[in-house]
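Next comes data.cif, with mmCIF, C-alpha atoms.
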data_start
loop_
_atom_site.group_PDB
_atom_site.id
_atom_site.type_symbol
_atom_site.label_atom_id
_atom_site.label_comp_id
_atom_site.auth_asym_id
_atom_site.auth_seq_id
_atom_site.Cartn_x
_atom_site.Cartn_y
_atom_site.Cartn_z
ATOM 1 C CA MET A 1 88.206 90.023 101.222
ATOM 2 C CA LYS A 2 87.039 93.130 99.333
ATOM 3 C CA SER A 3 83.826 93.813 101.281
ATOM 4 C CA ASN A 4 83.409 97.400 102.494
ATOM 5 C CA ILE A 5 81.156 96.339 105.371
ATOM 6 C CA PRO A 6 81.920 93.960 108.271
ATOM 7 C CA ARG A 7 81.264 90.303 107.387
ATOM 8 C CA LYS A 8 80.679 87.629 110.035
ATOM 9 C CA ILE A 9 81.629 84.001 109.417
ATOM 10 C CA VAL A 10 79.768 82.050 112.097
ATOM 11 C CA ILE A 11 79.311 78.262 112.075
ATOM 12 C CA LYS A 12 77.148 76.597 114.727
ATOM 13 C CA ASP A 13 77.083 73.005 113.462
ATOM 14 C CA SER A 14 79.732 71.011 115.367
ATOM 15 C CA LYS A 15 80.674 68.845 112.354
ATOM 16 C CA LEU A 16 81.166 71.863 110.095
ATOM 17 C CA ARG A 17 83.205 73.577 112.812
ATOM 18 C CA LYS A 18 85.470 70.526 112.907
ATOM 19 C CA VAL A 19 85.913 70.630 109.118
ATOM 20 C CA ARG A 20 86.696 74.365 109.286
ATOM 21 C CA LYS A 21 89.224 73.850 112.099
ATOM 22 C CA ASN A 22 90.996 71.052 110.198
ATOM 23 C CA LEU A 23 91.167 73.130 107.016
ATOM 24 C CA ARG A 24 92.607 76.090 108.901
ATOM 25 C CA GLU A 25 95.151 73.820 110.610
ATOM 26 C CA ILE A 26 96.284 72.507 107.204
ATOM 27 C CA LEU A 27 96.729 76.042 105.852
ATOM 28 C CA LYS A 28 98.529 77.088 109.022
ATOM 29 C CA LEU A 29 100.869 74.091 108.749
ATOM 30 C CA ALA A 30 101.576 74.949 105.094
ATOM 31 C CA TYR A 31 102.485 78.503 106.092
ATOM 32 C CA PHE A 32 104.851 77.456 108.888
ATOM 33 C CA THR A 33 106.477 74.823 106.661
ATOM 34 C CA GLU A 34 107.198 77.553 104.100
ATOM 35 C CA PHE A 35 108.349 79.878 106.889
ATOM 36 C CA GLU A 36 110.813 77.284 108.202
ATOM 37 C CA LYS A 37 112.143 76.649 104.688
ATOM 38 C CA TRP A 38 112.741 80.387 104.228
ATOM 39 C CA SER A 39 114.436 80.680 107.653
ATOM 40 C CA ASN A 40 116.898 77.934 106.736
ATOM 41 C CA LEU A 41 117.722 79.614 103.403
ATOM 42 C CA ASP A 42 118.030 82.981 105.129
ATOM 43 C CA ASP A 43 120.551 81.538 107.599
ATOM 44 C CA ILE A 44 122.636 80.126 104.718
ATOM 45 C CA TYR A 45 122.643 83.391 102.739
ATOM 46 C CA ARG A 46 123.328 85.483 105.863
ATOM 47 C CA GLU A 47 126.328 83.339 106.782
ATOM 48 C CA LYS A 48 127.679 83.651 103.240
ATOM 49 C CA HIS A 49 127.146 87.424 103.404
ATOM 50 C CA LEU A 50 128.938 87.744 106.764
ATOM 51 C CA ASN A 51 131.846 85.660 105.482
ATOM 52 C CA GLY A 52 132.016 87.729 102.281
ATOM 53 C CA LYS A 53 131.431 84.640 100.142
ATOM 54 C CA ILE A 54 128.038 85.497 98.704
ATOM 55 C CA THR A 55 127.864 85.875 94.922
ATOM 56 C CA LEU A 56 125.861 88.545 93.093
ATOM 57 C CA SER A 57 123.284 86.008 91.901
ATOM 58 C CA GLN A 58 122.895 84.629 95.452
ATOM 59 C CA GLU A 59 122.463 88.141 96.787
ATOM 60 C CA LYS A 60 119.713 88.821 94.241
ATOM 61 C CA ARG A 61 118.064 85.509 95.125
ATOM 62 C CA TRP A 62 118.274 86.378 98.841
ATOM 63 C CA PHE A 63 116.635 89.763 98.223
ATOM 64 C CA PHE A 64 113.868 88.186 96.091
ATOM 65 C CA LEU A 65 113.128 85.535 98.733
ATOM 66 C CA SER A 66 113.019 88.232 101.421
ATOM 67 C CA GLN A 67 110.354 90.111 99.461
ATOM 68 C CA GLN A 68 108.320 86.931 98.911
ATOM 69 C CA HIS A 69 108.596 86.029 102.563
ATOM 70 C CA ASP A 70 107.423 89.487 103.682
ATOM 71 C CA LYS A 71 104.400 89.205 101.372
ATOM 72 C CA LEU A 72 103.571 85.750 102.702
ATOM 73 C CA ARG A 73 103.827 86.926 106.310
ATOM 74 C CA ALA A 74 101.576 89.932 105.590
ATOM 75 C CA ILE A 75 98.984 87.653 103.963
ATOM 76 C CA TYR A 76 99.075 85.265 106.914
ATOM 77 C CA ASP A 77 98.813 88.068 109.480
ATOM 78 C CA LYS A 78 95.679 89.399 107.744
ATOM 79 C CA SER A 79 94.179 85.957 107.088
ATOM 80 C CA ILE A 80 91.083 84.342 108.606
ATOM 81 C CA LEU A 81 93.214 81.628 110.225
ATOM 82 C CA GLU A 82 93.724 83.587 113.451
ATOM 83 C CA CYS A 83 92.423 86.717 115.172
ATOM 84 C CA ASN A 84 94.503 89.700 114.024
ATOM 85 C CA LEU A 85 94.981 90.900 117.622
ATOM 86 C CA GLY A 86 97.361 87.988 118.224
ATOM 87 C CA ALA A 87 98.289 87.496 121.889
ATOM 88 C CA ALA A 88 95.940 90.344 122.890
ATOM 89 C CA CYS A 89 92.922 88.443 121.483
ATOM 90 C CA LEU A 90 90.207 88.054 124.129
ATOM 91 C CA SER A 91 89.336 84.519 122.967
ATOM 92 C CA HIS A 92 93.021 83.547 123.124
ATOM 93 C CA ARG A 93 93.344 84.885 126.670
ATOM 94 C CA GLU A 94 90.270 82.976 127.817
ATOM 95 C CA LEU A 95 91.473 79.684 126.265
ATOM 96 C CA MET A 96 94.915 80.256 127.796
ATOM 97 C CA GLN A 97 93.434 80.809 131.277
ATOM 98 C CA LYS A 98 91.418 77.591 130.917
ATOM 99 C CA GLY A 99 94.607 75.749 129.942
ATOM 100 C CA GLU A 100 93.160 74.737 126.577
ATOM 101 C CA ILE A 101 95.914 76.400 124.554
ATOM 102 C CA ASP A 102 99.614 77.231 124.937
ATOM 103 C CA PRO A 103 100.527 80.943 125.259
ATOM 104 C CA SER A 104 102.636 80.717 122.087
ATOM 105 C CA ASP A 105 99.847 79.095 120.024
ATOM 106 C CA ARG A 106 96.680 80.595 118.516
ATOM 107 C CA SER A 107 93.243 79.020 118.150
ATOM 108 C CA THR A 108 92.000 78.281 114.630
ATOM 109 C CA ASP A 109 88.500 77.353 115.825
ATOM 110 C CA LEU A 110 87.001 80.840 116.140
ATOM 111 C CA ASP A 111 84.081 82.549 114.436
ATOM 112 C CA MET A 112 85.560 85.533 112.633
ATOM 113 C CA VAL A 113 84.526 88.981 111.436
ATOM 114 C CA TRP A 114 86.060 90.875 108.503
ATOM 115 C CA VAL A 115 86.739 94.513 109.516
ATOM 116 C CA PRO A 116 87.223 96.529 106.287
ATOM 117 C CA TYR A 117 88.884 99.523 107.994
ATOM 118 C CA PHE A 118 91.847 97.341 109.053
ATOM 119 C CA LYS A 119 91.504 94.928 106.093
ATOM 120 C CA ALA A 120 91.850 92.059 108.552
ATOM 121 C CA TRP A 121 89.930 89.338 110.397
ATOM 122 C CA PHE A 122 89.147 89.470 114.106
ATOM 123 C CA CYS A 123 87.395 86.906 116.295
ATOM 124 C CA LEU A 124 83.743 87.590 117.072
ATOM 125 C CA ARG A 125 84.492 88.419 120.687
ATOM 126 C CA CYS A 126 87.175 91.012 119.875
ATOM 127 C CA TYR A 127 84.929 92.504 117.189
ATOM 128 C CA GLU A 128 82.022 92.915 119.624
ATOM 129 C CA GLU A 129 84.322 94.445 122.243
ATOM 130 C CA TYR A 130 86.552 96.716 120.162
ATOM 131 C CA PHE A 131 85.290 97.263 116.609
ATOM 132 C CA LYS A 132 81.499 96.916 116.400
ATOM 133 C CA ILE A 133 79.689 100.111 115.479
ATOM 134 C CA LYS A 134 76.395 100.176 117.353
ATOM 135 C CA ALA A 135 73.493 101.041 115.040
ATOM 136 C CA CYS A 136 69.891 101.766 115.990
ATOM 137 C CA GLU A 137 67.808 98.619 115.483
ATOM 138 C CA ASN A 138 64.594 100.642 115.616
ATOM 139 C CA CYS A 139 64.970 103.134 112.752
ATOM 140 C CA CYS A 140 68.104 101.626 111.118
ATOM 141 C CA LYS A 141 69.148 105.164 110.117
ATOM 142 C CA THR A 142 71.609 106.137 112.841
ATOM 143 C CA ASP A 143 74.699 104.680 114.460
ATOM 144 C CA GLU A 144 77.020 105.752 117.267
ATOM 145 C CA LYS A 145 78.832 108.108 114.888
ATOM 146 C CA THR A 146 75.666 110.136 114.258
ATOM 147 C CA ALA A 147 73.646 109.742 117.480
ATOM 148 C CA GLU A 148 73.932 108.479 121.028
ATOM 149 C CA ILE A 149 73.078 104.783 121.137
ATOM 150 C CA SER A 150 71.695 103.013 124.206
ATOM 151 C CA GLU A 151 70.193 99.609 124.878
ATOM 152 C CA CYS A 152 66.571 98.760 125.565
ATOM 153 C CA SER A 153 66.295 97.985 129.282
ATOM 154 C CA PHE A 154 64.251 94.896 128.530
ATOM 155 C CA CYS A 155 65.363 93.235 125.264
ATOM 156 C CA SER A 156 68.835 94.910 124.961
ATOM 157 C CA LYS A 157 68.253 96.074 121.364
ATOM 158 C CA TYR A 158 70.239 99.115 120.305
ATOM 159 C CA ILE A 159 68.136 102.300 120.163
ATOM 160 C CA CYS A 160 69.240 105.816 119.273
ATOM 161 C CA GLU A 161 68.388 108.950 121.256
ATOM 162 C CA ILE A 162 65.753 109.833 118.641
ATOM 163 C CA CYS A 163 63.894 106.517 118.915
ATOM 164 C CA LEU A 164 64.188 105.681 122.596
ATOM 165 C CA ASN A 165 61.117 105.707 124.819
ATOM 166 C CA TYR A 166 61.852 106.915 128.345
ATOM 167 C CA CYS A 167 59.698 105.725 131.257
ATOM 168 C CA LEU A 168 59.266 108.343 133.980
ATOM 169 C CA GLU A 169 58.121 105.704 136.442
ATOM 170 C CA CYS A 170 61.178 103.421 136.351
ATOM 171 C CA GLY A 171 63.648 105.745 134.624
ATOM 172 C CA ASP A 172 64.592 103.256 131.915
ATOM 173 C CA ASP A 173 64.826 103.411 128.109
ATOM 174 C CA TYR A 174 62.810 101.104 125.847
ATOM 175 C CA CYS A 175 62.529 100.220 122.186
ATOM 176 C CA ASP A 176 59.093 100.722 120.587
ATOM 177 C CA ILE A 177 57.892 97.117 121.055
ATOM 178 C CA CYS A 178 58.925 96.814 124.704
ATOM 179 C CA TYR A 179 57.617 100.293 125.547
ATOM 180 C CA LYS A 180 54.168 99.493 124.110
ATOM 181 C CA GLU A 181 54.033 96.316 126.166
ATOM 182 C CA HIS A 182 55.197 98.339 129.159
ATOM 183 C CA LEU A 183 52.300 100.780 128.695
ATOM 184 C CA ILE A 184 49.731 98.032 128.103
ATOM 185 C CA ARG A 185 50.742 96.221 131.283
ATOM 186 C CA GLY A 186 51.078 99.487 133.167
ATOM 187 C CA ARG A 187 54.040 98.156 135.096
ATOM 188 C CA CYS A 188 57.759 98.778 135.401
ATOM 189 C CA CYS A 189 60.241 96.573 133.575
ATOM 190 C CA PHE A 190 61.331 95.006 136.863
ATOM 191 C CA THR A 191 57.856 93.565 137.438
ATOM 192 C CA LEU A 192 57.560 92.642 133.760
ATOM 193 C CA LYS A 193 60.827 90.682 133.806
ATOM 194 C CA GLU A 194 59.657 88.564 136.730
ATOM 195 C CA ASP A 195 56.364 87.598 135.038
ATOM 196 C CA THR A 196 57.744 85.417 132.225
ATOM 197 C CA THR A 197 54.306 84.175 131.181
ATOM 198 C CA GLN A 198 53.376 87.700 130.141
ATOM 199 C CA ILE A 199 56.330 88.232 127.798
ATOM 200 C CA LYS A 200 56.613 85.046 125.753
ATOM 201 C CA PHE A 201 55.910 86.966 122.535
ATOM 202 C CA LEU A 202 59.204 88.870 122.960
#

What would you get if you wrote out this structure as structure tokens?
Amino acid sequence: MKSNIPRKIVIKDSKLRKVRKNLREILKLAYFTEFEKWSNLDDIYREKHLNGKITLSQEKRWFFLSQQHDKLRAIYDKSILECNLGAACLSHRELMQKGEIDPSDRSTDLDMVWVPYFKAWFCLRCYEEYFKIKACENCCKTDEKTAEISECSFCSKYICEICLNYCLECGDDYCDICYKEHLIRGRCCFTLKEDTTQIKFL
């Protein structure tokens, strides 16, 4: 992908998720079939090389196939088929702990995010944990590179240090909407959270 901003691919419909998983499994199978074919050829050429029986044309062919194989592996490693963190993927670890997947396998049924800095795909969970840049949802002008970002104590929206509203009574930070409601009610967020009938509009 050529996008210069992170792109999320999220599918909620169970039928579409099944179609996506099957398509990814087919592509994954095609890759490993090609990988196995190359490994067999590599073994043949390596044995010829070690025995000193490899011809010049075979050596050139071996070198060409090595280059093609390296390109294919690089494409697969950066593809949307699996999270680029591999065995360190948080989703993979969770599925492994639940016994839903073998340690040597990788899930192809994950919502993914394109991270342009690494030019690779990561699962949504890894993206949120390791790569997401928090941006102010109030002014939409700052992010964690330009200002300190916190979360609204009530709705958990990201707010920068310029936009946050601090309550002296409860000592919490609020976004504009929640802070106005806080002032109207004249109560701390702890009381407000308990009274769900009062906050349905949020």

What are the closest atom pairs, with distances in Å to one decimal, for each residue of segment 107-190 of chain A lying within 7 Å of segment 83-94 of chain A, using all atoms listed in the file, rows by chain and rising residue number, as a Markdown table?
| residue | atom | partner | partner_atom | distance |
| --- | --- | --- | --- | --- |
| A:Ser107 | CA | A:His92 | CA | 6.7 |
| A:Ala120 | CA | A:Asn84 | CA | 6.5 |
| A:Trp121 | CA | A:Asn84 | CA | 5.8 |
| A:Phe122 | CA | A:Cys83 | CA | 4.4 |
| A:Cys123 | CA | A:Cys83 | CA | 5.2 |
| A:Arg125 | CA | A:Ser91 | CA | 6.6 |
| A:Cys126 | CA | A:Leu90 | CA | 6.0 |

Query raised in the report: If I put a ball of radius 7 Å at (65.8, 103.4, 120.3) in the file's coordinates, which residues poke into it when counting only C-alpha atoms, written as a list in words?
Result: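 Residues lying no farther than 7 Å from the given point: Cys136, Asn138, Tyr158, Ile159, Cys160, Glu161, Ile162, Cys163, Leu164, Asn165, Tyr174 and Cys175 of chain A.
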
**Report entry** atom CA of Ala135 of chain A to atom CA of His182 of chain A, distance in Å rounded to a single decimal
**Finding:**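 Distance between the two atoms: 23.3 Å.
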
Query - Residue nearest Tyr31 of chain A among A:Leu72, A:Leu110, A:Leu50, A:Val115 (counting only C-alpha atoms) - result: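 Looking only at the distances to Tyr31 of chain A, the closest residue turns out to be A:Leu72.
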
Query raised in the report: Leaving out Ser14 of chain A and any residue of its chain fewer than 6 positions from it, which residues lie within 12 Å of it when counting only C-alpha atoms, given as a ChimeraX atom specification?
Result: /A:20-21,109

Resulting file, chosen residues, C-alpha atoms, as a PDB file, in the frame of the given file:
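Dumped to part-v1.pdb:
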ATOM      1  CA  ARG A  20      86.696  74.365 109.286  1.00  0.00           C
ATOM      2  CA  LYS A  21      89.224  73.850 112.099  1.00  0.00           C
ATOM      3  CA  ASP A 109      88.500  77.353 115.825  1.00  0.00           C
TER       4      ASP A 109
END

Query - Point-to-point distance in Å for atom CA of Arg17 of chain A and atom CA of Trp114 of chain A - result: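 If I compute the distance from atom CA of Trp114 of chain A to atom CA of Arg17 of chain A, I get 18.1 Å.
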
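Of the residues under consideration (A:Phe131, A:Glu100, A:Cys170, A:Leu65), A:Leu65 shows the shortest atom-to-atom contact distance to Asn40 of chain A when counting only C-alpha atoms.
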
Report task. Calculate how many Å separate atom CA of Phe64 of chain A from atom CA of Ala30 of chain A, rounding to one decimal. Result -> 20.2 Å

Query raised in the report: Which of these residues is nearest to Leu124 of chain A, using only C-alpha atoms: A:Leu23, A:Asp13, A:Ser79, A:Met112?
Result: A:Met112

With all atoms of segment 68-87 of chain A from the file as input, state the centre and edge lengths in Å to one decimal of the axis-aligned box that has 8 Å extra on each side, as AutoDock Vina command-line options.
--center_x 99.8 --center_y 86.3 --center_z 110.4 --size_x 33.5 --size_y 25.3 --size_z 39.0

Query raised in the report: Which residue out of A:Ser66, A:Asn22, A:Asn51, A:Thr108 has the minimum interatomic distance to Leu81 of chain A when all atoms listed in the file are used?
Result: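 Of A:Ser66, A:Asn22, A:Asn51, A:Thr108, the one nearest Leu81 of chain A, counting all atoms listed in the file, is A:Thr108.
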
Requested in this report: Excluding Arg61 of chain A and residues on its chain fewer than 6 positions from it, collect all residues at most 10 Å away from it, counting only C-alpha atoms, and give them as a VMD selection string.
Outcome: chain A and resid 45 55 67

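Using only C-alpha atoms for every distance, the candidate list A:Lys98, A:Lys132, A:Arg106, A:Arg24 yields A:Lys132 as the residue closest to Lys145 of chain A.
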
May I have the residues at most 12 Å from (108.9, 81.4, 108.0) in the file's coordinates, counting all atoms listed in the file, as a JSON list (two decimals) with C-alpha atoms, in the coordinates of the input?
[["chain", "number", "residue", "atom", "x", "y", "z"],
["A", 28, "LYS", "CA", 98.53, 77.09, 109.02],
["A", 29, "LEU", "CA", 100.87, 74.09, 108.75],
["A", 30, "ALA", "CA", 101.58, 74.95, 105.09],
["A", 31, "TYR", "CA", 102.48, 78.50, 106.09],
["A", 32, "PHE", "CA", 104.85, 77.46, 108.89],
["A", 33, "THR", "CA", 106.48, 74.82, 106.66],
["A", 34, "GLU", "CA", 107.20, 77.55, 104.10],
["A", 35, "PHE", "CA", 108.35, 79.88, 106.89],
["A", 36, "GLU", "CA", 110.81, 77.28, 108.20],
["A", 37, "LYS", "CA", 112.14, 76.65, 104.69],
["A", 38, "TRP", "CA", 112.74, 80.39, 104.23],
["A", 39, "SER", "CA", 114.44, 80.68, 107.65],
["A", 40, "ASN", "CA", 116.90, 77.93, 106.74],
["A", 41, "LEU", "CA", 117.72, 79.61, 103.40],
["A", 42, "ASP", "CA", 118.03, 82.98, 105.13],
["A", 43, "ASP", "CA", 120.55, 81.54, 107.60],
["A", 65, "LEU", "CA", 113.13, 85.54, 98.73],
["A", 66, "SER", "CA", 113.02, 88.23, 101.42],
["A", 68, "GLN", "CA", 108.32, 86.93, 98.91],
["A", 69, "HIS", "CA", 108.60, 86.03, 102.56],
["A", 70, "ASP", "CA", 107.42, 89.49, 103.68],
["A", 71, "LYS", "CA", 104.40, 89.20, 101.37],
["A", 72, "LEU", "CA", 103.57, 85.75, 102.70],
["A", 73, "ARG", "CA", 103.83, 86.93, 106.31],
["A", 74, "ALA", "CA", 101.58, 89.93, 105.59],
["A", 76, "TYR", "CA", 99.08, 85.26, 106.91]]
